[in-house]
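Engineer: Pasting input_38.cif here (mmCIF, C-alpha atoms and all ligand atoms):
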```
data_final
#
loop_
_atom_site.group_PDB
_atom_site.id
_atom_site.type_symbol
_atom_site.label_atom_id
_atom_site.label_comp_id
_atom_site.auth_asym_id
_atom_site.auth_seq_id
_atom_site.Cartn_x
_atom_site.Cartn_y
_atom_site.Cartn_z
ATOM 1 C CA MET I 1 13.067 1.203 22.275
ATOM 2 C CA ASN I 2 14.823 4.506 22.726
ATOM 3 C CA LEU I 3 13.308 6.534 19.904
ATOM 4 C CA LYS I 4 16.089 9.084 19.464
ATOM 5 C CA GLY I 5 17.504 8.838 15.934
ATOM 6 C CA LYS I 6 15.192 5.939 15.008
ATOM 7 C CA THR I 7 13.150 5.851 11.795
ATOM 8 C CA VAL I 8 9.362 5.990 12.070
ATOM 9 C CA ILE I 9 6.959 5.562 9.152
ATOM 10 C CA VAL I 10 3.426 6.810 9.769
ATOM 11 C CA THR I 11 0.943 6.075 6.985
ATOM 12 C CA GLY I 12 -1.841 8.566 6.218
ATOM 13 C CA SER I 13 -0.052 11.144 8.336
ATOM 14 C CA SER I 14 -0.560 14.483 6.614
ATOM 15 C CA ARG I 15 -3.441 15.228 9.008
ATOM 16 C CA GLY I 16 -5.570 13.941 11.873
ATOM 17 C CA ILE I 17 -4.358 11.180 14.176
ATOM 18 C CA GLY I 18 -1.441 10.257 11.897
ATOM 19 C CA PHE I 19 -0.016 13.776 11.970
ATOM 20 C CA ALA I 20 -0.331 13.917 15.775
ATOM 21 C CA ILE I 21 1.485 10.566 15.995
ATOM 22 C CA ALA I 22 4.249 11.825 13.692
ATOM 23 C CA LYS I 23 4.701 14.916 15.884
ATOM 24 C CA ALA I 24 4.762 12.831 19.081
ATOM 25 C CA PHE I 25 7.558 10.632 17.698
ATOM 26 C CA ALA I 26 9.435 13.703 16.410
ATOM 27 C CA ALA I 27 9.238 15.172 19.923
ATOM 28 C CA LYS I 28 11.078 12.026 21.087
ATOM 29 C CA GLY I 29 13.886 12.688 18.571
ATOM 30 C CA ALA I 30 12.870 10.143 15.906
ATOM 31 C CA ASN I 31 13.232 10.814 12.181
ATOM 32 C CA ILE I 32 9.885 10.699 10.445
ATOM 33 C CA VAL I 33 8.558 9.434 7.132
ATOM 34 C CA ILE I 34 5.243 11.074 6.399
ATOM 35 C CA ASN I 35 3.101 9.113 3.961
ATOM 36 C CA ASP I 36 -0.189 10.111 2.403
ATOM 37 C CA ILE I 37 -2.026 10.496 -0.888
ATOM 38 C CA LYS I 38 -1.170 14.235 -0.817
ATOM 39 C CA ILE I 39 1.444 15.828 1.437
ATOM 40 C CA PRO I 40 1.529 19.617 1.945
ATOM 41 C CA ASP I 41 5.029 21.127 2.361
ATOM 42 C CA GLU I 42 3.998 22.642 5.721
ATOM 43 C CA THR I 43 3.516 19.131 7.144
ATOM 44 C CA ILE I 44 7.174 18.263 6.584
ATOM 45 C CA GLU I 45 8.344 21.669 7.842
ATOM 46 C CA GLU I 46 6.335 21.333 11.064
ATOM 47 C CA ILE I 47 7.910 17.940 11.797
ATOM 48 C CA LYS I 48 11.401 19.325 11.056
ATOM 49 C CA SER I 49 10.776 22.116 13.575
ATOM 50 C CA PHE I 50 11.257 19.441 16.273
ATOM 51 C CA GLY I 51 14.939 19.280 15.189
ATOM 52 C CA VAL I 52 14.620 15.903 13.453
ATOM 53 C CA ASP I 53 14.811 14.892 9.802
ATOM 54 C CA CYS I 54 11.615 14.229 7.876
ATOM 55 C CA ILE I 55 10.691 13.168 4.359
ATOM 56 C CA GLY I 56 7.328 12.811 2.687
ATOM 57 C CA ILE I 57 6.548 9.851 0.447
ATOM 58 C CA VAL I 58 3.324 9.930 -1.524
ATOM 59 C CA ALA I 59 1.993 6.382 -1.876
ATOM 60 C CA ASP I 60 -1.304 4.533 -1.833
ATOM 61 C CA ILE I 61 -0.639 1.897 0.820
ATOM 62 C CA SER I 62 -3.400 -0.339 -0.535
ATOM 63 C CA ASP I 63 -1.224 -0.925 -3.607
ATOM 64 C CA PHE I 64 1.333 -3.678 -2.881
ATOM 65 C CA GLU I 65 4.142 -2.137 -4.973
ATOM 66 C CA GLN I 66 3.573 1.420 -3.778
ATOM 67 C CA ALA I 67 3.705 0.151 -0.193
ATOM 68 C CA GLU I 68 6.990 -1.622 -0.980
ATOM 69 C CA ASN I 69 8.447 1.549 -2.512
ATOM 70 C CA LEU I 70 7.406 3.531 0.549
ATOM 71 C CA VAL I 71 9.321 1.185 2.856
ATOM 72 C CA LYS I 72 12.309 1.137 0.457
ATOM 73 C CA GLY I 73 12.308 4.943 0.331
ATOM 74 C CA ALA I 74 12.430 5.139 4.124
ATOM 75 C CA LYS I 75 15.307 2.634 4.315
ATOM 76 C CA GLU I 76 17.255 4.405 1.565
ATOM 77 C CA LYS I 77 16.974 7.758 3.320
ATOM 78 C CA PHE I 78 17.519 6.717 6.936
ATOM 79 C CA GLY I 79 19.171 3.254 6.776
ATOM 80 C CA THR I 80 16.639 1.547 9.075
ATOM 81 C CA VAL I 81 12.919 1.155 9.606
ATOM 82 C CA ASP I 82 12.354 0.923 13.347
ATOM 83 C CA VAL I 83 8.698 1.805 13.846
ATOM 84 C CA LEU I 84 5.760 1.411 11.501
ATOM 85 C CA VAL I 85 2.448 3.015 12.382
ATOM 86 C CA ASN I 86 -0.348 1.699 10.166
ATOM 87 C CA ASN I 87 -2.649 4.679 10.485
ATOM 88 C CA ALA I 88 -4.089 5.320 6.996
ATOM 89 C CA GLY I 89 -7.763 4.488 6.915
ATOM 90 C CA ILE I 90 -11.081 5.455 5.387
ATOM 91 C CA THR I 91 -14.795 5.136 6.111
ATOM 92 C CA ARG I 92 -17.573 4.569 3.575
ATOM 93 C CA ASP I 93 -20.550 4.330 5.901
ATOM 94 C CA GLY I 94 -23.993 3.037 5.040
ATOM 95 C CA LEU I 95 -26.558 0.524 6.231
ATOM 96 C CA LEU I 96 -25.983 -3.046 5.055
ATOM 97 C CA LEU I 97 -28.863 -3.120 2.612
ATOM 98 C CA ARG I 98 -27.715 0.121 0.986
ATOM 99 C CA MET I 99 -23.980 -0.529 1.133
ATOM 100 C CA LYS I 100 -22.456 -0.717 -2.317
ATOM 101 C CA GLU I 101 -20.001 -3.501 -3.104
ATOM 102 C CA LYS I 102 -17.387 -0.834 -3.939
ATOM 103 C CA ASP I 103 -17.790 0.744 -0.486
ATOM 104 C CA PHE I 104 -17.102 -2.609 1.118
ATOM 105 C CA ASP I 105 -14.143 -3.381 -1.157
ATOM 106 C CA ASP I 106 -12.518 0.073 -0.811
ATOM 107 C CA VAL I 107 -12.616 -0.007 2.984
ATOM 108 C CA ILE I 108 -11.202 -3.544 3.161
ATOM 109 C CA ARG I 109 -8.554 -2.739 0.538
ATOM 110 C CA ILE I 110 -7.240 0.362 2.285
ATOM 111 C CA ASN I 111 -7.775 -0.440 5.974
ATOM 112 C CA LEU I 112 -7.005 -4.162 5.966
ATOM 113 C CA LYS I 113 -4.965 -4.971 2.860
ATOM 114 C CA GLY I 114 -3.007 -1.728 3.302
ATOM 115 C CA THR I 115 -2.059 -2.844 6.811
ATOM 116 C CA PHE I 116 -0.989 -6.226 5.426
ATOM 117 C CA ASN I 117 1.072 -4.615 2.641
ATOM 118 C CA MET I 118 2.961 -2.291 4.946
ATOM 119 C CA THR I 119 3.455 -4.880 7.695
ATOM 120 C CA LYS I 120 4.854 -7.394 5.201
ATOM 121 C CA HIS I 121 7.329 -4.987 3.603
ATOM 122 C CA ALA I 122 8.488 -3.306 6.817
ATOM 123 C CA SER I 123 8.834 -6.539 8.780
ATOM 124 C CA LYS I 124 11.313 -7.839 6.179
ATOM 125 C CA ILE I 125 13.694 -5.062 7.224
ATOM 126 C CA MET I 126 12.857 -5.332 10.930
ATOM 127 C CA LEU I 127 13.560 -9.094 10.898
ATOM 128 C CA LYS I 128 17.105 -8.422 9.617
ATOM 129 C CA GLN I 129 17.597 -5.692 12.213
ATOM 130 C CA ARG I 130 16.158 -7.932 14.957
ATOM 131 C CA ARG I 131 14.332 -4.859 16.202
ATOM 132 C CA GLY I 132 11.066 -3.110 15.421
ATOM 133 C CA ALA I 133 7.672 -1.962 16.591
ATOM 134 C CA ILE I 134 4.504 -2.119 14.526
ATOM 135 C CA ILE I 135 1.477 -0.192 15.727
ATOM 136 C CA ASN I 136 -1.872 -0.628 14.013
ATOM 137 C CA LEU I 137 -4.831 1.716 14.191
ATOM 138 C CA SER I 138 -7.931 -0.370 14.775
ATOM 139 C CA SER I 139 -11.112 1.119 16.277
ATOM 140 C CA VAL I 140 -13.610 0.424 19.058
ATOM 141 C CA VAL I 141 -15.946 -0.302 16.148
ATOM 142 C CA GLY I 142 -13.743 -3.307 15.357
ATOM 143 C CA LEU I 143 -14.507 -4.594 18.853
ATOM 144 C CA MET I 144 -18.205 -3.840 19.198
ATOM 145 C CA GLY I 145 -19.557 -3.313 15.658
ATOM 146 C CA ASN I 146 -21.625 -0.294 14.685
ATOM 147 C CA VAL I 147 -24.796 0.435 12.779
ATOM 148 C CA GLY I 148 -23.871 1.688 9.306
ATOM 149 C CA GLN I 149 -20.236 0.619 9.561
ATOM 150 C CA LEU I 150 -20.264 -3.082 8.691
ATOM 151 C CA ASN I 151 -17.407 -2.648 6.200
ATOM 152 C CA TYR I 152 -15.338 -0.485 8.567
ATOM 153 C CA SER I 153 -15.876 -2.733 11.600
ATOM 154 C CA ALA I 154 -14.924 -5.806 9.540
ATOM 155 C CA SER I 155 -11.721 -4.074 8.413
ATOM 156 C CA LYS I 156 -10.817 -2.948 11.946
ATOM 157 C CA ALA I 157 -11.574 -6.381 13.457
ATOM 158 C CA GLY I 158 -9.309 -7.791 10.731
ATOM 159 C CA VAL I 159 -6.572 -5.376 11.786
ATOM 160 C CA LEU I 160 -6.717 -6.959 15.253
ATOM 161 C CA GLY I 161 -6.208 -10.377 13.643
ATOM 162 C CA ILE I 162 -3.167 -9.088 11.766
ATOM 163 C CA THR I 163 -1.847 -7.546 14.991
ATOM 164 C CA LYS I 164 -2.070 -10.739 17.043
ATOM 165 C CA SER I 165 -0.749 -13.040 14.308
ATOM 166 C CA ALA I 166 2.164 -10.714 13.453
ATOM 167 C CA ALA I 167 2.980 -10.418 17.172
ATOM 168 C CA ARG I 168 3.247 -14.216 17.378
ATOM 169 C CA GLU I 169 5.258 -14.580 14.149
ATOM 170 C CA LEU I 170 7.715 -11.741 14.715
ATOM 171 C CA GLY I 171 8.221 -11.825 18.483
ATOM 172 C CA GLN I 172 11.211 -14.183 18.374
ATOM 173 C CA ARG I 173 13.177 -11.498 16.505
ATOM 174 C CA GLY I 174 12.407 -8.726 18.970
ATOM 175 C CA ILE I 175 9.609 -7.144 16.948
ATOM 176 C CA THR I 176 6.450 -6.052 18.759
ATOM 177 C CA CYS I 177 3.055 -5.560 17.155
ATOM 178 C CA ASN I 178 0.189 -3.875 18.981
ATOM 179 C CA ALA I 179 -3.046 -2.105 18.175
ATOM 180 C CA ILE I 180 -4.809 1.029 19.317
ATOM 181 C CA ALA I 181 -8.597 1.114 19.286
ATOM 182 C CA PRO I 182 -9.583 4.797 19.299
ATOM 183 C CA GLY I 183 -13.149 5.749 20.129
ATOM 184 C CA PHE I 184 -14.549 9.083 18.960
ATOM 185 C CA ILE I 185 -11.575 11.316 18.119
ATOM 186 C CA LYS I 186 -11.737 14.865 16.733
ATOM 187 C CA THR I 187 -10.299 14.693 13.195
ATOM 188 C CA PRO I 188 -11.455 15.456 9.631
ATOM 189 C CA MET I 189 -12.822 11.877 9.541
ATOM 190 C CA THR I 190 -15.327 12.606 12.343
ATOM 191 C CA ASP I 191 -15.843 16.344 11.686
ATOM 192 C CA VAL I 192 -18.163 15.403 8.801
ATOM 193 C CA LEU I 193 -20.631 13.550 11.079
ATOM 194 C CA ASN I 194 -23.898 15.369 11.767
ATOM 195 C CA GLU I 195 -24.618 16.845 15.225
ATOM 196 C CA ASP I 196 -27.130 14.106 16.162
ATOM 197 C CA VAL I 197 -24.565 11.368 15.531
ATOM 198 C CA LYS I 198 -21.886 13.329 17.417
ATOM 199 C CA ASN I 199 -24.199 13.821 20.429
ATOM 200 C CA ALA I 200 -25.151 10.128 20.430
ATOM 201 C CA MET I 201 -21.433 9.192 20.473
ATOM 202 C CA LEU I 202 -20.660 11.688 23.253
ATOM 203 C CA ALA I 203 -23.450 10.224 25.392
ATOM 204 C CA GLN I 204 -21.584 6.885 25.382
ATOM 205 C CA ILE I 205 -18.309 8.344 26.702
ATOM 206 C CA PRO I 206 -17.861 8.210 30.508
ATOM 207 C CA LEU I 207 -15.121 10.863 30.351
ATOM 208 C CA GLY I 208 -17.642 13.142 28.635
ATOM 209 C CA ARG I 209 -15.548 14.554 25.817
ATOM 210 C CA GLN I 210 -14.384 13.722 22.335
ATOM 211 C CA GLY I 211 -10.794 12.410 22.231
ATOM 212 C CA LEU I 212 -7.977 14.402 20.659
ATOM 213 C CA PRO I 213 -5.448 13.046 18.147
ATOM 214 C CA GLU I 214 -2.781 13.736 20.795
ATOM 215 C CA ASP I 215 -4.508 11.296 23.198
ATOM 216 C CA VAL I 216 -4.044 8.529 20.621
ATOM 217 C CA ALA I 217 -0.483 9.593 19.803
ATOM 218 C CA LYS I 218 0.572 9.038 23.437
ATOM 219 C CA VAL I 219 -0.495 5.385 23.187
ATOM 220 C CA ALA I 220 1.521 4.902 19.983
ATOM 221 C CA VAL I 221 4.670 6.253 21.647
ATOM 222 C CA PHE I 222 4.019 4.079 24.714
ATOM 223 C CA PHE I 223 3.861 0.926 22.562
ATOM 224 C CA ALA I 224 7.029 1.827 20.630
ATOM 225 C CA GLU I 225 9.009 2.570 23.785
ATOM 226 C CA ASN I 226 8.030 -0.631 25.595
ATOM 227 C CA ASP I 227 9.799 -3.740 24.265
ATOM 228 C CA TYR I 228 7.882 -6.214 26.445
ATOM 229 C CA ILE I 229 4.323 -5.602 25.300
ATOM 230 C CA THR I 230 3.082 -7.330 22.160
ATOM 231 C CA GLY I 231 -0.184 -8.559 20.657
ATOM 232 C CA GLN I 232 -2.192 -6.138 22.785
ATOM 233 C CA VAL I 233 -5.017 -3.725 22.094
ATOM 234 C CA VAL I 234 -5.381 -0.497 24.042
ATOM 235 C CA ASN I 235 -8.661 1.348 23.765
ATOM 236 C CA CYS I 236 -8.237 5.114 23.677
ATOM 237 C CA ASP I 237 -11.883 6.012 23.938
ATOM 238 C CA GLY I 238 -12.698 7.858 27.176
ATOM 239 C CA GLY I 239 -14.147 4.640 28.568
ATOM 240 C CA MET I 240 -16.612 4.013 25.721
ATOM 241 C CA VAL I 241 -15.846 0.280 25.598
ATOM 242 C CA MET I 242 -14.795 -1.504 28.771
ATOM 243 C CA GLN I 243 -13.500 -5.058 28.461
HETATM 244 P P1 LIG J 301 -8.300 11.152 8.570
HETATM 245 O O1 LIG J 301 -8.345 12.485 9.217
HETATM 246 O O2 LIG J 301 -9.300 10.857 7.488
HETATM 247 O O3 LIG J 301 -6.812 10.890 8.044
HETATM 248 C C1 LIG J 301 -6.490 9.706 7.359
HETATM 249 C C2 LIG J 301 -5.445 10.023 6.329
HETATM 250 O O4 LIG J 301 -5.128 8.786 5.631
HETATM 251 C C3 LIG J 301 -5.933 11.024 5.268
HETATM 252 O O5 LIG J 301 -4.968 12.017 5.039
HETATM 253 C C4 LIG J 301 -6.137 10.127 4.049
HETATM 254 O O6 LIG J 301 -5.957 10.785 2.808
HETATM 255 C C5 LIG J 301 -5.047 9.098 4.251
HETATM 256 N N1 LIG J 301 -5.266 7.925 3.406
HETATM 257 C C6 LIG J 301 -6.455 7.376 3.030
HETATM 258 N N2 LIG J 301 -6.248 6.344 2.209
HETATM 259 C C7 LIG J 301 -4.906 6.231 2.056
HETATM 260 C C8 LIG J 301 -4.101 5.341 1.296
HETATM 261 N N3 LIG J 301 -4.628 4.370 0.563
HETATM 262 N N4 LIG J 301 -2.754 5.485 1.347
HETATM 263 C C9 LIG J 301 -2.201 6.473 2.091
HETATM 264 N N5 LIG J 301 -2.929 7.359 2.824
HETATM 265 C C10 LIG J 301 -4.276 7.235 2.793
HETATM 266 O O7 LIG J 301 -8.493 9.969 9.652
HETATM 267 P P2 LIG J 301 -8.223 9.967 11.234
HETATM 268 O O8 LIG J 301 -9.498 10.271 11.908
HETATM 269 O O9 LIG J 301 -6.993 10.734 11.564
HETATM 270 O O10 LIG J 301 -7.977 8.396 11.437
HETATM 271 C C11 LIG J 301 -6.692 7.810 11.433
HETATM 272 C C12 LIG J 301 -6.843 6.322 11.732
HETATM 273 O O11 LIG J 301 -7.498 6.149 12.996
HETATM 274 C C13 LIG J 301 -7.706 5.577 10.705
HETATM 275 O O12 LIG J 301 -7.194 4.283 10.498
HETATM 276 C C14 LIG J 301 -9.051 5.514 11.379
HETATM 277 O O13 LIG J 301 -9.825 4.431 10.907
HETATM 278 C C15 LIG J 301 -8.648 5.331 12.827
HETATM 279 N N6 LIG J 301 -9.687 5.748 13.768
HETATM 280 C C16 LIG J 301 -10.134 7.033 13.819
HETATM 281 C C17 LIG J 301 -11.129 7.372 14.719
HETATM 282 C C18 LIG J 301 -11.670 8.774 14.845
HETATM 283 O O14 LIG J 301 -12.580 8.980 15.658
HETATM 284 N N7 LIG J 301 -11.154 9.762 14.117
HETATM 285 C C19 LIG J 301 -11.674 6.394 15.554
HETATM 286 C C20 LIG J 301 -11.192 5.098 15.467
HETATM 287 C C21 LIG J 301 -10.197 4.787 14.578
HETATM 288 P P3 LIG J 301 -7.277 11.273 1.974
HETATM 289 O O15 LIG J 301 -7.815 12.403 2.741
HETATM 290 O O16 LIG J 301 -6.720 11.667 0.648
HETATM 291 O O17 LIG J 301 -8.208 10.113 1.916
#
```
Could you quickly redo this structure as structure tokens?
Ligand code: NAP

Structural biologist:
Amino acid sequence: MNLKGKTVIVTGSSRGIGFAIAKAFAAKGANIVINDIKIPDETIEEIKSFGVDCIGIVADISDFEQAENLVKGAKEKFGTVDVLVNNAGITRDGLLLRMKEKDFDDVIRINLKGTFNMTKHASKIMLKQRRGAIINLSSVVGLMGNVGQLNYSASKAGVLGITKSAARELGQRGITCNAIAPGFIKTPMTDVLNEDVKNAMLAQIPLGRQGLPEDVAKVAVFFAENDYITGQVVNCDGGMVMQ
């Protein structure tokens, strides 16, 4: 897909990986819908500085109706929805025996159900257009599991299931659906980890550094631009997991 003038929704994009993805698509000339729970004015202004149009829509994507209104808002403003990046996600880490039911439910509701909500609403429009690209943020933890992240790894493995099933269901109408599995990326989500955990993660990375949000953003643009790749997972992890 040529991204110039296309409409891209990025969920959870006021910061971190989502914001880097929004900027990468803006640099390609796409109009951007920033979504988050809170959206600072500067976020929208920075995207507009790429010479594209940008709106912010506050919505909790884990809520079915709010997700629907987000997609409707994008369509009303720009007329199409060409790319959806399901980026919004949370962690509520803890060992299994200490993990509260709410921590499990919240992570599944936002990471997995949120991806379902957005994919369902956006694909309705993409099916009519006979064009679209859906890109889901999974995680290497969804592939290999992780101590203290049972809820998160279950949600991110589920995202891979959504990705592959949606790719099979929507492919006939020219819609691709792929996933990115980031490793250890420098964002507010990982900044809160203690130094011991950070060093243990770094020791597992052959390329010897923490990833940047921009590294992940390049993969998202690659998937959106290529119309003949679907149902795939690309690890962006410095070699942490090799399949
Ligand atoms: P981040 O810095 O925490 O940013 C995530 C954004 O999503 C936050 O602004 C957050 O808002 C927002 N959000 C949370 N729940 C939402 C909801 N229900 N509706 C709308 N927005 C919501 O995270 P990140 O590190 O950039 O991660 C982005 C994605 O990559 C996530 O799916 C994450 O699981 C995945 N990932 C990250 C890494 C990593 O190393 N950073 C590795 C693998 C995968 P609040 O701040 O208000 O919660």

Engineer: Which of these, I:Thr190, I:Gln129, I:Thr176, I:Thr163, has the shortest distance to Asp93 of chain I once you count all atoms listed in the file?

Structural biologist: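 Closest to Asp93 of chain I, using all atoms listed in the file: I:Thr190.
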
Engineer: Kindly provide the residues of chain I that approach ligand LIG 301 (chain J) to within 7 Å, each paired with its closest atom pair and their distance in Å to one decimal, based on only C-alpha atoms and all ligand atoms, listed by chain and increasing number, as a Markdown table.

Structural biologist:
```
| residue | atom | partner | partner_atom | distance |
| --- | --- | --- | --- | --- |
| I:Thr11 | CA | J:LIG301 | N5 | 5.8 |
| I:Gly12 | CA | J:LIG301 | O4 | 3.3 |
| I:Ser13 | CA | J:LIG301 | C2 | 5.9 |
| I:Ser14 | CA | J:LIG301 | O5 | 5.3 |
| I:Arg15 | CA | J:LIG301 | O5 | 5.3 |
| I:Gly16 | CA | J:LIG301 | O9 | 3.5 |
| I:Ile17 | CA | J:LIG301 | O9 | 3.7 |
| I:Gly18 | CA | J:LIG301 | O9 | 5.6 |
| I:Asn35 | CA | J:LIG301 | C9 | 6.2 |
| I:Asp36 | CA | J:LIG301 | N5 | 3.9 |
| I:Ile37 | CA | J:LIG301 | N5 | 4.9 |
| I:Lys38 | CA | J:LIG301 | O16 | 6.3 |
| I:Ala59 | CA | J:LIG301 | C9 | 5.8 |
| I:Asp60 | CA | J:LIG301 | N4 | 3.6 |
| I:Ile61 | CA | J:LIG301 | N4 | 4.2 |
| I:Ser62 | CA | J:LIG301 | N3 | 5.0 |
| I:Asn87 | CA | J:LIG301 | O12 | 4.6 |
| I:Ala88 | CA | J:LIG301 | O4 | 3.9 |
| I:Gly89 | CA | J:LIG301 | O12 | 3.6 |
| I:Ile90 | CA | J:LIG301 | C6 | 5.5 |
| I:Thr91 | CA | J:LIG301 | O13 | 6.9 |
| I:Ile110 | CA | J:LIG301 | N3 | 5.1 |
| I:Asn111 | CA | J:LIG301 | O12 | 6.6 |
| I:Gly114 | CA | J:LIG301 | N3 | 6.9 |
| I:Leu137 | CA | J:LIG301 | O12 | 5.1 |
| I:Ser138 | CA | J:LIG301 | C21 | 5.6 |
| I:Ser139 | CA | J:LIG301 | C20 | 4.1 |
| I:Val140 | CA | J:LIG301 | C20 | 6.4 |
| I:Ala181 | CA | J:LIG301 | C20 | 6.1 |
| I:Pro182 | CA | J:LIG301 | C20 | 4.2 |
| I:Gly183 | CA | J:LIG301 | C19 | 4.8 |
| I:Phe184 | CA | J:LIG301 | O14 | 3.8 |
| I:Ile185 | CA | J:LIG301 | O14 | 3.5 |
| I:Lys186 | CA | J:LIG301 | N7 | 5.8 |
| I:Thr187 | CA | J:LIG301 | O8 | 4.7 |
| I:Pro188 | CA | J:LIG301 | O1 | 4.3 |
| I:Met189 | CA | J:LIG301 | O2 | 4.2 |
| I:Thr190 | CA | J:LIG301 | N7 | 5.4 |
```

Engineer: Keeping C-alpha atoms for every residue in the selection just given, could you write it to a file as a PDB file, in the coordinates of the input?

Structural biologist:
```pdb
ATOM      1  CA  THR I  11       0.943   6.075   6.985  1.00  0.00           C
ATOM      2  CA  GLY I  12      -1.841   8.566   6.218  1.00  0.00           C
ATOM      3  CA  SER I  13      -0.052  11.144   8.336  1.00  0.00           C
ATOM      4  CA  SER I  14      -0.560  14.483   6.614  1.00  0.00           C
ATOM      5  CA  ARG I  15      -3.441  15.228   9.008  1.00  0.00           C
ATOM      6  CA  GLY I  16      -5.570  13.941  11.873  1.00  0.00           C
ATOM      7  CA  ILE I  17      -4.358  11.180  14.176  1.00  0.00           C
ATOM      8  CA  GLY I  18      -1.441  10.257  11.897  1.00  0.00           C
ATOM      9  CA  ASN I  35       3.101   9.113   3.961  1.00  0.00           C
ATOM     10  CA  ASP I  36      -0.189  10.111   2.403  1.00  0.00           C
ATOM     11  CA  ILE I  37      -2.026  10.496  -0.888  1.00  0.00           C
ATOM     12  CA  LYS I  38      -1.170  14.235  -0.817  1.00  0.00           C
ATOM     13  CA  ALA I  59       1.993   6.382  -1.876  1.00  0.00           C
ATOM     14  CA  ASP I  60      -1.304   4.533  -1.833  1.00  0.00           C
ATOM     15  CA  ILE I  61      -0.639   1.897   0.820  1.00  0.00           C
ATOM     16  CA  SER I  62      -3.400  -0.339  -0.535  1.00  0.00           C
ATOM     17  CA  ASN I  87      -2.649   4.679  10.485  1.00  0.00           C
ATOM     18  CA  ALA I  88      -4.089   5.320   6.996  1.00  0.00           C
ATOM     19  CA  GLY I  89      -7.763   4.488   6.915  1.00  0.00           C
ATOM     20  CA  ILE I  90     -11.081   5.455   5.387  1.00  0.00           C
ATOM     21  CA  THR I  91     -14.795   5.136   6.111  1.00  0.00           C
ATOM     22  CA  ILE I 110      -7.240   0.362   2.285  1.00  0.00           C
ATOM     23  CA  ASN I 111      -7.775  -0.440   5.974  1.00  0.00           C
ATOM     24  CA  GLY I 114      -3.007  -1.728   3.302  1.00  0.00           C
ATOM     25  CA  LEU I 137      -4.831   1.716  14.191  1.00  0.00           C
ATOM     26  CA  SER I 138      -7.931  -0.370  14.775  1.00  0.00           C
ATOM     27  CA  SER I 139     -11.112   1.119  16.277  1.00  0.00           C
ATOM     28  CA  VAL I 140     -13.610   0.424  19.058  1.00  0.00           C
ATOM     29  CA  ALA I 181      -8.597   1.114  19.286  1.00  0.00           C
ATOM     30  CA  PRO I 182      -9.583   4.797  19.299  1.00  0.00           C
ATOM     31  CA  GLY I 183     -13.149   5.749  20.129  1.00  0.00           C
ATOM     32  CA  PHE I 184     -14.549   9.083  18.960  1.00  0.00           C
ATOM     33  CA  ILE I 185     -11.575  11.316  18.119  1.00  0.00           C
ATOM     34  CA  LYS I 186     -11.737  14.865  16.733  1.00  0.00           C
ATOM     35  CA  THR I 187     -10.299  14.693  13.195  1.00  0.00           C
ATOM     36  CA  PRO I 188     -11.455  15.456   9.631  1.00  0.00           C
ATOM     37  CA  MET I 189     -12.822  11.877   9.541  1.00  0.00           C
ATOM     38  CA  THR I 190     -15.327  12.606  12.343  1.00  0.00           C
TER      39      THR I 190
END
```

Engineer: Measuring between all atoms listed in the file, which one of I:Ile180, I:Met144, I:Leu193, I:Leu127 shows the shortest distance to Val159 of chain I?

Structural biologist: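 When distances to Val159 of chain I are compared using all atoms listed in the file, the smallest one comes from I:Ile180.
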
Engineer: For Ile47 of chain I, which of I:Asn31, I:Ser165, I:Gln149, I:Gln66 is the closest residue, counting all atoms listed in the file?

Structural biologist: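 Result for the nearest residue to Ile47 of chain I: I:Asn31.
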
Engineer: Which residues match the PyMOL selection byres (((chain I and resi 171) around 12) and not hetatm) in the file above, as a ChimeraX atom specification?

Structural biologist: /I:123,126-127,130-134,163-170,172-178,227-231

Engineer: Just the number, please: distance in Å from atom CA of Pro213 of chain I to atom CA of Ala20 of chain I, one decimal.

Structural biologist: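 These atoms are spaced 5.7 Å apart.
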
Engineer: Please check which residues have atoms at most 12 Å from (8.7, 13.9, 8.2) in the file's coordinates, counting only C-alpha atoms, and write them as a compact mmCIF listing (two decimals) with C-alpha atoms, in the coordinates of the input.

Structural biologist:
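What follows is the written file result_24.txt:
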```txt
# COMPACT_ATOMS: atom_id res chain seq x y z
CA THR I 7 13.15 5.85 11.80
CA VAL I 8 9.36 5.99 12.07
CA ILE I 9 6.96 5.56 9.15
CA VAL I 10 3.43 6.81 9.77
CA THR I 11 0.94 6.08 6.98
CA GLY I 12 -1.84 8.57 6.22
CA SER I 13 -0.05 11.14 8.34
CA SER I 14 -0.56 14.48 6.61
CA GLY I 18 -1.44 10.26 11.90
CA PHE I 19 -0.02 13.78 11.97
CA ALA I 20 -0.33 13.92 15.78
CA ILE I 21 1.48 10.57 16.00
CA ALA I 22 4.25 11.82 13.69
CA LYS I 23 4.70 14.92 15.88
CA ALA I 24 4.76 12.83 19.08
CA PHE I 25 7.56 10.63 17.70
CA ALA I 26 9.44 13.70 16.41
CA ALA I 27 9.24 15.17 19.92
CA GLY I 29 13.89 12.69 18.57
CA ALA I 30 12.87 10.14 15.91
CA ASN I 31 13.23 10.81 12.18
CA ILE I 32 9.88 10.70 10.44
CA VAL I 33 8.56 9.43 7.13
CA ILE I 34 5.24 11.07 6.40
CA ASN I 35 3.10 9.11 3.96
CA ASP I 36 -0.19 10.11 2.40
CA ILE I 39 1.44 15.83 1.44
CA PRO I 40 1.53 19.62 1.94
CA ASP I 41 5.03 21.13 2.36
CA GLU I 42 4.00 22.64 5.72
CA THR I 43 3.52 19.13 7.14
CA ILE I 44 7.17 18.26 6.58
CA GLU I 45 8.34 21.67 7.84
CA GLU I 46 6.34 21.33 11.06
CA ILE I 47 7.91 17.94 11.80
CA LYS I 48 11.40 19.32 11.06
CA SER I 49 10.78 22.12 13.58
CA PHE I 50 11.26 19.44 16.27
CA GLY I 51 14.94 19.28 15.19
CA VAL I 52 14.62 15.90 13.45
CA ASP I 53 14.81 14.89 9.80
CA CYS I 54 11.62 14.23 7.88
CA ILE I 55 10.69 13.17 4.36
CA GLY I 56 7.33 12.81 2.69
CA ILE I 57 6.55 9.85 0.45
CA VAL I 58 3.32 9.93 -1.52
CA ALA I 74 12.43 5.14 4.12
CA LYS I 77 16.97 7.76 3.32
CA PHE I 78 17.52 6.72 6.94
```
